[in-house]
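Colleague: Got a structure for you, questions after.
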Amino acid sequence: QVQLVESGGGLVQPGGSLRLSCAASERIFSINIMGWYRQAPGKQRELVAAITSSGSINCADSVKGRFTISRDNAKNTVFLQLNSLKSEDTAVYYCKALIRSSWYWGQGTQVTVSS
């Protein structure tokens with residue numbers, strides 16, 4: 001069973017930055033889509049950004065210009081750089097990946113933006 005292991009969450013002040021990472025637990029020949037979702041308390045889980053193996057990116061309007069998604073295909077790892085963080089970015093951030101026609105989720109990492 002493939003696992004997605006996330007890291008990089010934490011507490012940061014408004015305007016600050018964080019970098020999230022998500023890596024597959026085993027060597028996989030190719031992962032088509034990797035992305036990040038988030039879920040704030042009392043809200044539905046929503047797409048933040050996703051990237052295909054060829055580099056095509058889909059990004060939520062609310063984070064455009066502030067967040068950047070990237071990936072290292074050789075290491076089966078996806079990154080999310082979060083800049084200019086706002087209190088409304090506070091949420092649990094989940095990694096999601098399409099591997100061999102199945103979707104997998106990470107366990108989630110908490111991002112809290114507060115002064």
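For the structure tokens, the naming scheme is as follows: chains receive sequential letters (A, B, ...) according to their order of presentation, residues are indexed from 1 within each chain, and ligands are indexed from 1 in presentation order.
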I want to know what sits within 10 Å of A:Leu98, based on only C-alpha atoms, with residues of the same chain fewer than 2 positions away left out; could you give that as number ranges by chain?

Modeller: A: 30-35, 52, 96, 100-105

Colleague: Between A:Leu85, A:Ala40, A:Leu4, A:Val48, single out the one closest to A:Ser21, counting only C-alpha atoms.

Modeller: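 When distances to A:Ser21 are compared using only C-alpha atoms, the smallest one comes from A:Leu4.
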
Colleague: Mind listing the helix (DSSP H, G or I) residues of chain A, per DSSP on the backbone, as a PyMOL selection string?

Modeller: chain A and resi 61-63+73-75+87-89

Colleague: Could you turn the residues from that selection into a file that holds N, CA and C atoms, as a short mmCIF file (atom, residue, chain, number, x, y, z; two decimals), in the first residue's frame?

Modeller:
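Generated file (part.cif):
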data_model
loop_
_atom_site.label_atom_id
_atom_site.label_comp_id
_atom_site.auth_asym_id
_atom_site.auth_seq_id
_atom_site.Cartn_x
_atom_site.Cartn_y
_atom_site.Cartn_z
N ASP A 61 -7.79 30.26 -7.26
CA ASP A 61 -7.66 31.71 -7.40
C ASP A 61 -7.22 32.36 -6.08
N SER A 62 -7.66 31.79 -4.97
CA SER A 62 -7.38 32.40 -3.67
C SER A 62 -5.90 32.37 -3.29
N VAL A 63 -5.12 31.53 -3.97
CA VAL A 63 -3.70 31.42 -3.61
C VAL A 63 -2.77 31.81 -4.75
N ASN A 73 10.09 14.73 -10.02
CA ASN A 73 9.59 13.44 -10.50
C ASN A 73 10.52 12.28 -10.12
N ALA A 74 11.80 12.54 -10.10
CA ALA A 74 12.75 11.47 -9.78
C ALA A 74 12.59 10.99 -8.34
N LYS A 75 12.13 11.88 -7.47
CA LYS A 75 11.98 11.54 -6.05
C LYS A 75 10.51 11.36 -5.66
N SER A 87 -4.43 34.72 7.67
CA SER A 87 -5.12 33.92 8.68
C SER A 87 -6.10 32.94 8.03
N GLU A 88 -6.67 33.34 6.92
CA GLU A 88 -7.63 32.46 6.23
C GLU A 88 -6.97 31.26 5.54
N ASP A 89 -5.66 31.22 5.53
CA ASP A 89 -4.95 30.05 5.01
C ASP A 89 -4.82 28.95 6.06
#

Colleague: Could you go through chain A and tell me which residues DSSP, when run on the backbone, assigns to strand (DSSP E or B), listing them as a count of residues only?

Modeller: 62

Colleague: Which residues, written as an MDAnalysis selection string, have at least one atom at most 12 Å from stretch 7-13 of chain A, with only C-alpha atoms counted and residues fewer than 4 positions away on the same chain left out?

Modeller: chainID A and resid 17:24 38 77:95 106:115

Colleague: What does the structure give for the distance between atom CA of A:Ser70 and atom CA of A:Ile99, in Å to one decimal?

Modeller: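 Going from atom CA of A:Ser70 over to atom CA of A:Ile99, I get 17.3 Å.
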
Colleague: Under the rule that only C-alpha atoms are counted, which of A:Ser54, A:Arg45, A:Gly15, A:Val2 is the nearest residue to A:Arg66?

Modeller: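 For A:Arg66, the nearest of the given residues is A:Gly15.
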
Colleague: Report the distance between atom CA of A:Tyr37 and atom CA of A:Ala50 in Å, rounded to one decimal place.

Modeller: 8.6 Å

Colleague: Hey, can you check how far atom CA of A:Glu46 sits from atom CA of A:Cys59?

Modeller: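 If I compute the distance from atom CA of A:Glu46 to atom CA of A:Cys59, I get 10.9 Å.
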